[in-house]
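Engineer: protein02.cif (mmCIF, C-alpha atoms) pasted underneath:
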```
data_entry
loop_
_atom_site.label_atom_id
_atom_site.label_comp_id
_atom_site.auth_asym_id
_atom_site.auth_seq_id
_atom_site.Cartn_x
_atom_site.Cartn_y
_atom_site.Cartn_z
CA MET L 80 4.82 -36.07 16.86
CA ASN L 81 1.64 -36.90 18.75
CA PRO L 82 -1.02 -34.13 18.91
CA ARG L 83 -2.47 -35.55 22.14
CA ILE L 84 0.91 -35.44 23.87
CA THR L 85 1.51 -31.93 22.56
CA LEU L 86 -1.85 -30.80 23.90
CA ALA L 87 -1.16 -32.43 27.27
CA THR L 88 2.18 -30.61 27.43
CA THR L 89 0.47 -27.31 26.61
CA ARG L 90 -2.02 -27.85 29.44
CA ARG L 91 0.77 -28.75 31.88
CA VAL L 92 2.75 -25.61 31.04
CA LEU L 93 -0.35 -23.41 31.34
CA ASP L 94 -1.15 -24.97 34.72
CA GLN L 95 2.39 -24.25 35.88
CA LEU L 96 2.12 -20.66 34.70
CA ARG L 97 -1.21 -20.19 36.46
CA ALA L 98 0.46 -21.13 39.73
CA ASP L 99 3.50 -18.92 39.08
CA HIS L 100 2.16 -15.42 39.73
CA ARG L 101 5.52 -13.70 39.31
CA THR L 102 6.01 -15.11 35.81
CA VAL L 103 2.46 -14.15 34.85
CA ALA L 104 3.16 -10.63 36.12
CA LEU L 105 6.39 -10.54 34.09
CA ILE L 106 4.47 -11.53 30.96
CA LEU L 107 1.35 -9.40 31.36
CA VAL L 108 2.14 -6.50 33.69
CA VAL L 109 5.80 -5.58 33.21
CA PRO L 110 5.57 -4.83 29.44
CA ALA L 111 2.59 -2.54 30.06
CA LEU L 112 4.54 -0.73 32.80
CA LEU L 113 7.54 -0.33 30.51
CA LEU L 114 5.34 1.06 27.75
CA SER L 115 3.80 3.51 30.23
CA LEU L 116 7.30 4.55 31.35
CA LEU L 117 8.23 5.24 27.71
CA TRP L 118 5.12 7.41 27.38
CA TRP L 119 6.26 9.34 30.44
CA VAL L 120 9.77 9.76 29.01
CA TYR L 121 8.36 11.33 25.83
CA ASP L 122 5.67 13.18 27.79
CA GLY L 123 3.04 12.08 25.29
CA ALA L 124 4.87 13.65 22.30
CA PRO L 125 3.63 12.59 18.81
CA ILE L 126 6.72 10.44 18.22
CA PHE L 127 5.55 8.18 21.04
CA ASP L 128 2.74 6.78 18.90
CA ARG L 129 5.23 5.45 16.34
CA LEU L 130 7.48 4.00 19.01
CA ALA L 131 4.59 2.47 20.97
CA VAL L 132 3.36 0.54 17.94
CA THR L 133 6.78 -1.03 17.39
CA MET L 134 7.06 -1.84 21.10
CA LEU L 135 4.04 -4.10 20.69
CA GLY L 136 6.35 -6.41 18.77
CA ILE L 137 9.63 -5.78 20.58
CA LEU L 138 8.52 -6.25 24.19
CA PRO L 139 6.74 -9.60 23.62
CA MET L 140 9.78 -11.04 21.84
CA VAL L 141 12.16 -9.93 24.57
CA VAL L 142 9.98 -11.11 27.47
CA MET L 143 9.11 -14.45 25.89
CA PHE L 144 12.76 -15.16 25.08
CA LEU L 145 13.70 -14.61 28.70
CA VAL L 146 10.82 -16.59 30.21
CA THR L 147 10.98 -19.63 27.94
CA SER L 148 14.78 -19.99 28.04
CA VAL L 149 14.73 -20.09 31.84
CA ALA L 150 11.60 -22.27 32.06
CA MET L 151 12.98 -24.95 29.73
CA LEU L 152 16.32 -24.94 31.50
CA ARG L 153 14.52 -25.63 34.78
CA GLU L 154 12.88 -28.66 33.16
CA ARG L 155 16.34 -30.03 32.41
CA THR L 156 18.14 -29.17 35.64
CA SER L 157 15.29 -30.55 37.76
CA GLY L 158 15.32 -33.86 35.87
CA THR L 159 11.76 -33.36 34.60
CA LEU L 160 12.83 -33.41 30.96
CA GLU L 161 14.75 -36.66 31.38
CA ARG L 162 11.74 -38.34 33.01
CA LEU L 163 9.35 -37.05 30.36
CA LEU L 164 11.52 -38.37 27.54
CA THR L 165 11.37 -41.90 28.97
CA THR L 166 7.68 -41.84 27.96
CA PRO L 167 6.44 -41.90 24.34
CA MET L 168 6.91 -38.11 24.30
CA HIS L 169 9.26 -36.82 21.61
CA ARG L 170 11.35 -33.66 21.98
CA ALA L 171 9.22 -32.09 19.27
CA ASP L 172 6.04 -32.75 21.30
CA LEU L 173 7.57 -31.06 24.32
CA LEU L 174 8.89 -28.03 22.46
CA LEU L 175 5.72 -27.56 20.43
CA GLY L 176 3.64 -27.80 23.60
CA TYR L 177 5.81 -25.11 25.17
CA ALA L 178 5.55 -22.98 22.05
CA VAL L 179 1.75 -23.23 21.93
CA ALA L 180 1.35 -22.47 25.65
CA PHE L 181 3.60 -19.43 25.60
CA THR L 182 2.18 -18.20 22.30
CA LEU L 183 -1.28 -18.24 23.88
CA MET L 184 0.15 -16.20 26.74
CA ALA L 185 1.72 -13.91 24.14
CA ILE L 186 -1.65 -13.27 22.52
CA LEU L 187 -3.00 -12.29 25.92
CA GLN L 188 0.09 -10.16 26.50
CA ALA L 189 -0.35 -8.38 23.16
CA THR L 190 -4.01 -7.75 23.94
CA VAL L 191 -3.12 -6.19 27.29
CA LEU L 192 -0.42 -4.05 25.66
CA TRP L 193 -2.79 -2.87 22.95
CA ALA L 194 -5.52 -2.05 25.50
CA VAL L 195 -3.07 -0.04 27.62
CA SER L 196 -1.62 1.78 24.62
CA ARG L 197 -5.03 2.52 23.10
CA TRP L 198 -7.23 3.30 26.09
CA LEU L 199 -4.75 4.64 28.64
CA LEU L 200 -1.95 6.15 26.52
CA GLY L 201 -4.03 7.30 23.56
CA VAL L 202 -2.02 5.57 20.82
CA GLN L 203 -3.78 5.61 17.44
CA THR L 204 -3.24 3.20 14.54
CA ARG L 205 -4.71 3.49 11.07
CA GLY L 206 -4.87 -0.26 10.45
CA PRO L 207 -7.17 -2.83 12.07
CA VAL L 208 -6.22 -4.05 15.53
CA GLY L 209 -6.42 -7.68 14.36
CA TRP L 210 -3.34 -7.29 12.18
CA LEU L 211 -1.50 -5.62 15.03
CA LEU L 212 -2.25 -8.50 17.42
CA LEU L 213 -1.30 -11.08 14.77
CA ILE L 214 2.15 -9.59 14.22
CA ALA L 215 2.70 -9.06 17.95
CA ALA L 216 1.81 -12.71 18.61
CA ALA L 217 4.06 -13.89 15.76
CA SER L 218 6.92 -11.82 17.16
CA ALA L 219 6.38 -13.36 20.59
CA ALA L 220 6.32 -16.84 19.03
CA VAL L 221 9.77 -16.13 17.58
CA GLY L 222 10.90 -15.08 21.06
CA VAL L 223 9.57 -18.37 22.45
CA ALA L 224 11.32 -20.42 19.78
CA MET L 225 14.62 -18.58 20.16
CA GLY L 226 14.39 -18.94 23.94
CA LEU L 227 13.91 -22.69 23.63
CA LEU L 228 16.84 -22.88 21.23
CA ALA L 229 19.08 -20.81 23.52
CA SER L 230 18.20 -22.99 26.51
CA ALA L 231 19.62 -26.01 24.68
CA PHE L 232 23.10 -24.49 24.93
CA ALA L 233 22.94 -23.25 28.53
CA ARG L 234 23.76 -25.18 31.69
CA THR L 235 22.48 -22.67 34.24
CA GLU L 236 19.77 -20.05 34.35
CA PHE L 237 22.46 -17.38 34.42
CA GLN L 238 23.90 -18.73 31.18
CA ALA L 239 20.43 -18.70 29.62
CA VAL L 240 20.04 -15.02 30.48
CA GLN L 241 23.51 -14.33 29.05
CA PHE L 242 22.22 -15.25 25.59
CA MET L 243 19.96 -12.17 25.59
CA PRO L 244 22.74 -9.65 24.76
CA LEU L 245 23.87 -11.97 21.96
CA VAL L 246 20.46 -12.80 20.47
CA ILE L 247 18.18 -9.84 21.27
CA VAL L 248 20.30 -6.69 21.61
CA PRO L 249 21.76 -6.76 18.05
CA GLN L 250 18.23 -7.06 16.71
CA LEU L 251 17.18 -3.99 18.71
CA PHE L 252 20.02 -2.02 17.12
CA LEU L 253 19.36 -3.21 13.56
CA CYS L 254 15.56 -3.53 13.36
CA GLY L 255 15.03 0.11 12.37
CA LEU L 256 13.97 1.35 15.78
CA LEU L 257 16.98 3.65 16.26
CA VAL L 258 17.94 4.33 12.64
CA ALA L 259 16.01 3.56 9.46
CA ARG L 260 17.32 0.37 7.94
CA GLU L 261 17.72 2.09 4.56
CA ALA L 262 20.11 4.63 6.16
CA MET L 263 22.45 1.95 7.55
CA PRO L 264 25.64 0.77 5.82
CA GLN L 265 24.96 -1.93 3.25
CA LEU L 266 26.48 -4.69 5.38
CA LEU L 267 24.21 -3.83 8.30
CA GLN L 268 21.19 -3.74 5.99
CA TRP L 269 21.99 -7.30 4.90
CA ALA L 270 22.27 -8.35 8.53
CA ALA L 271 18.98 -6.64 9.42
CA ASN L 272 17.23 -8.46 6.57
CA VAL L 273 17.90 -11.84 8.18
CA LEU L 274 16.80 -10.87 11.70
CA PRO L 275 13.18 -11.55 12.72
CA LEU L 276 12.67 -8.39 14.76
CA SER L 277 13.13 -6.30 11.60
CA TYR L 278 10.00 -7.88 10.13
CA ALA L 279 8.01 -7.40 13.34
CA VAL L 280 8.86 -3.68 13.38
CA GLU L 281 8.19 -3.34 9.66
CA GLY L 282 4.81 -5.05 9.88
CA LEU L 283 3.68 -3.07 12.93
CA ARG L 284 4.66 0.21 11.31
CA ALA L 285 2.56 -0.75 8.30
CA VAL L 286 -0.41 -1.36 10.59
CA GLY L 287 0.20 1.97 12.28
CA SER L 288 0.38 3.99 9.06
CA GLN L 289 -1.84 2.19 6.52
CA THR L 290 -5.61 1.75 6.50
CA ASP L 291 -5.19 -1.53 4.62
CA PRO L 292 -1.91 -3.12 5.70
CA SER L 293 -3.02 -6.65 4.85
CA ALA L 294 -0.35 -7.35 2.21
CA ASP L 295 2.55 -6.18 4.38
CA ALA L 296 1.09 -7.72 7.54
CA VAL L 297 0.57 -11.16 5.99
CA ARG L 298 4.06 -11.17 4.48
CA ASP L 299 5.77 -10.15 7.70
CA ALA L 300 3.69 -12.53 9.85
CA LEU L 301 4.59 -15.43 7.54
CA VAL L 302 8.27 -14.52 7.69
CA LEU L 303 8.11 -14.44 11.50
CA ALA L 304 6.33 -17.80 11.51
CA GLY L 305 9.12 -19.20 9.32
CA PHE L 306 11.76 -17.95 11.76
CA ALA L 307 9.87 -19.55 14.66
CA LEU L 308 9.56 -22.89 12.84
CA VAL L 309 13.27 -23.00 12.00
CA ALA L 310 14.26 -22.14 15.58
CA LEU L 311 11.92 -24.80 16.99
CA THR L 312 13.33 -27.40 14.61
CA LEU L 313 16.89 -26.57 15.62
CA ALA L 314 15.89 -26.69 19.29
CA ALA L 315 14.33 -30.14 18.86
CA VAL L 316 17.54 -31.42 17.26
CA SER L 317 19.94 -29.90 19.78
CA MET L 318 18.04 -30.15 23.08
CA PRO L 319 19.86 -32.47 25.54
CA ARG L 320 17.89 -34.62 27.96
CA LYS L 321 19.37 -33.03 31.06
CA THR L 322 21.99 -30.61 32.34
CA ARG L 323 24.62 -31.97 34.69
#
```
How does this structure look as structure tokens?
Structural biologist:
Amino acid sequence: MNPRITLATTRRVLDQLRADHRTVALILVVPALLLSLLWWVYDGAPIFDRLAVTMLGILPMVVMFLVTSVAMLRERTSGTLERLLTTPMHRADLLLGYAVAFTLMAILQATVLWAVSRWLLGVQTRGPVGWLLLIAAASAAVGVAMGLLASAFARTEFQAVQFMPLVIVPQLFLCGLLVAREAMPQLLQWAANVLPLSYAVEGLRAVGSQTDPSADAVRDALVLAGFALVALTLAAVSMPRKTR
């Protein structure tokens, strides 16, 4: 890998995003609107605070998976990826540049979500906001990495979107959002323990309920980072040059 090429890729992706107002709105505005809709559904009931904290990890992962899988597929179908790989750029440089660019957007996304939840919706957390943003960004980074990996196996944008029910929806069911993981059948608990969203929800709940969540937050953030690294490595190995 070449850090200069990676940095150049990150700048190129950020420039493309800056010119794509609809994608920026999808990343920054839509999650905040969805969180506000959830507040309206619960009419500000106390349970909303617990759900809102977990949504700060769930929404970034879902949105980043969708955006990055489609964006990388466009690079292939347009022939951009094939042209780029005729230069000294390695697949790893390209994917890492994408990951860095979208993770930076994810940090901004998490900040917007936290500001909306705290100052407009009145959500309170016992732990420091820094831990909350760290886990939210790590969760989004996993979404980016999984999106890049999924795009390697898709030939059209529609196929890329079809991976969402396969990759994201089972995690929503098993992460502990609907039913506590400890109350699930043993087989489902084992499955939940190897899914990244479970650790995002667990870490965010620790931040929401503990004044010093540092031990849990560090552990869960490192686990999420490990998931992201593995997914990026697999994407680098499996990514084709183009889609016919």
Engineer: For each of L:Leu113, L:Ala220, L:Ala87, L:Leu245, take the minimum atom-to-atom distance to Val309 in chain L, counting only C-alpha atoms, then give the residue where this is smallest.
Structural biologist: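 Nearest to Val309 in chain L: L:Ala220.
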Engineer: Can you give me, as number ranges by chain, the residues this file yields under the PyMOL selection byres ((chain L and resi 117) around 12)?
Structural biologist: L: 110-116, 118-124, 126-132, 134, 196, 200
Engineer: What do you get, as a PyMOL selection string, if you spell out every residue that the PyMOL selection byres ((chain L and resi 204) around 10) selects here?
Structural biologist: chain L and resi 128-129+132+197+201-203+205-208+211+283-290
Engineer: Name the residues in contact with Val280 in chain L at a cut-off of 8 Å, using all atoms listed in the file, excluding same-chain residues fewer than 3 positions from it; report them as number ranges by chain.
Structural biologist: L: 133, 136-137, 254-256, 276-277, 283-284
Engineer: May I ask which of the residues L:Pro125, L:His100, L:Gly176, L:Met151 is the closest one to Ile84 in chain L, counting only C-alpha atoms?
Structural biologist: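 Smallest distance to Ile84 in chain L is found for L:Gly176.
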Engineer: Set the distance at 8 Å and use only C-alpha atoms: which residues neighbour Arg170 in chain L once local chain neighbours fewer than 3 positions away are removed? I'd like the list as a PyMOL selection string.
Structural biologist: chain L and resi 164+173-174+315+318
Engineer: Which neighbours of range 226-237 of chain L fall inside 8 Å, counting all atoms listed in the file, when residues of the same chain fewer than 3 positions from it are skipped, and could you give them as a ChimeraX atom specification?
Structural biologist: /L:143-149,151-153,156,174,222-223,240-242,310-311,313-314,317-319,322-323
Engineer: Include C-alpha atoms and write out the residues we just selected as a PDB file, in the coordinates of the input.
Structural biologist:
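See part-v4.pdb below for the written result:
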```
ATOM      1  CA  MET L 143       9.110 -14.450  25.890  1.00  0.00           C
ATOM      2  CA  PHE L 144      12.760 -15.160  25.080  1.00  0.00           C
ATOM      3  CA  LEU L 145      13.700 -14.610  28.700  1.00  0.00           C
ATOM      4  CA  VAL L 146      10.820 -16.590  30.210  1.00  0.00           C
ATOM      5  CA  THR L 147      10.980 -19.630  27.940  1.00  0.00           C
ATOM      6  CA  SER L 148      14.780 -19.990  28.040  1.00  0.00           C
ATOM      7  CA  VAL L 149      14.730 -20.090  31.840  1.00  0.00           C
ATOM      8  CA  MET L 151      12.980 -24.950  29.730  1.00  0.00           C
ATOM      9  CA  LEU L 152      16.320 -24.940  31.500  1.00  0.00           C
ATOM     10  CA  ARG L 153      14.520 -25.630  34.780  1.00  0.00           C
ATOM     11  CA  THR L 156      18.140 -29.170  35.640  1.00  0.00           C
ATOM     12  CA  LEU L 174       8.890 -28.030  22.460  1.00  0.00           C
ATOM     13  CA  GLY L 222      10.900 -15.080  21.060  1.00  0.00           C
ATOM     14  CA  VAL L 223       9.570 -18.370  22.450  1.00  0.00           C
ATOM     15  CA  VAL L 240      20.040 -15.020  30.480  1.00  0.00           C
ATOM     16  CA  GLN L 241      23.510 -14.330  29.050  1.00  0.00           C
ATOM     17  CA  PHE L 242      22.220 -15.250  25.590  1.00  0.00           C
ATOM     18  CA  ALA L 310      14.260 -22.140  15.580  1.00  0.00           C
ATOM     19  CA  LEU L 311      11.920 -24.800  16.990  1.00  0.00           C
ATOM     20  CA  LEU L 313      16.890 -26.570  15.620  1.00  0.00           C
ATOM     21  CA  ALA L 314      15.890 -26.690  19.290  1.00  0.00           C
ATOM     22  CA  SER L 317      19.940 -29.900  19.780  1.00  0.00           C
ATOM     23  CA  MET L 318      18.040 -30.150  23.080  1.00  0.00           C
ATOM     24  CA  PRO L 319      19.860 -32.470  25.540  1.00  0.00           C
ATOM     25  CA  THR L 322      21.990 -30.610  32.340  1.00  0.00           C
ATOM     26  CA  ARG L 323      24.620 -31.970  34.690  1.00  0.00           C
TER      27      ARG L 323
END
```
Engineer: Rank nothing, just name the residue among L:Val92, L:Leu213, L:Val141, L:Val273 nearest to Glu154 in chain L, using all atoms listed in the file.
Structural biologist: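 Closest candidate: L:Val92.
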Engineer: How many Å separate CA of Met263 in chain L from CA of Ala304 in chain L?
Structural biologist: 25.8 Å
Engineer: Using CA of Asp172 in chain L and CA of Thr89 in chain L as the two end points, give the distance in Å to one decimal.
Structural biologist: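 CA of Thr89 in chain L lies 9.4 Å from CA of Asp172 in chain L.
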Engineer: Distance CA of Ala219 in chain L-CA of Val142 in chain L, one decimal place?
Structural biologist: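 The value is 8.1 Å.
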Engineer: Taking into account only C-alpha atoms, which residue in the set L:Gln265, L:Gln188, L:Gln238, L:Ser218 is nearest to Ala104 in chain L?
Structural biologist: L:Gln188
Engineer: So, counting all atoms listed in the file, which residue among L:Val248, L:Ile186, L:Ala270, L:Ile214 is closest to Leu301 in chain L?
Structural biologist: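 Among the listed residues, L:Ile214 lies closest to Leu301 in chain L.
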Engineer: Using the chain letters and numbering of this document, enumerate as a list in words the residues selected by the PyMOL selection byres ((chain L and resi 180) around 8).
Structural biologist: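 Expected selection for the PyMOL selection byres ((chain L and resi 180) around 8) here is Thr89, Arg90, Val92, Leu93, Gly176, Tyr177, Ala178, Val179, Phe181, Thr182, Leu183 and Met184 of chain L.
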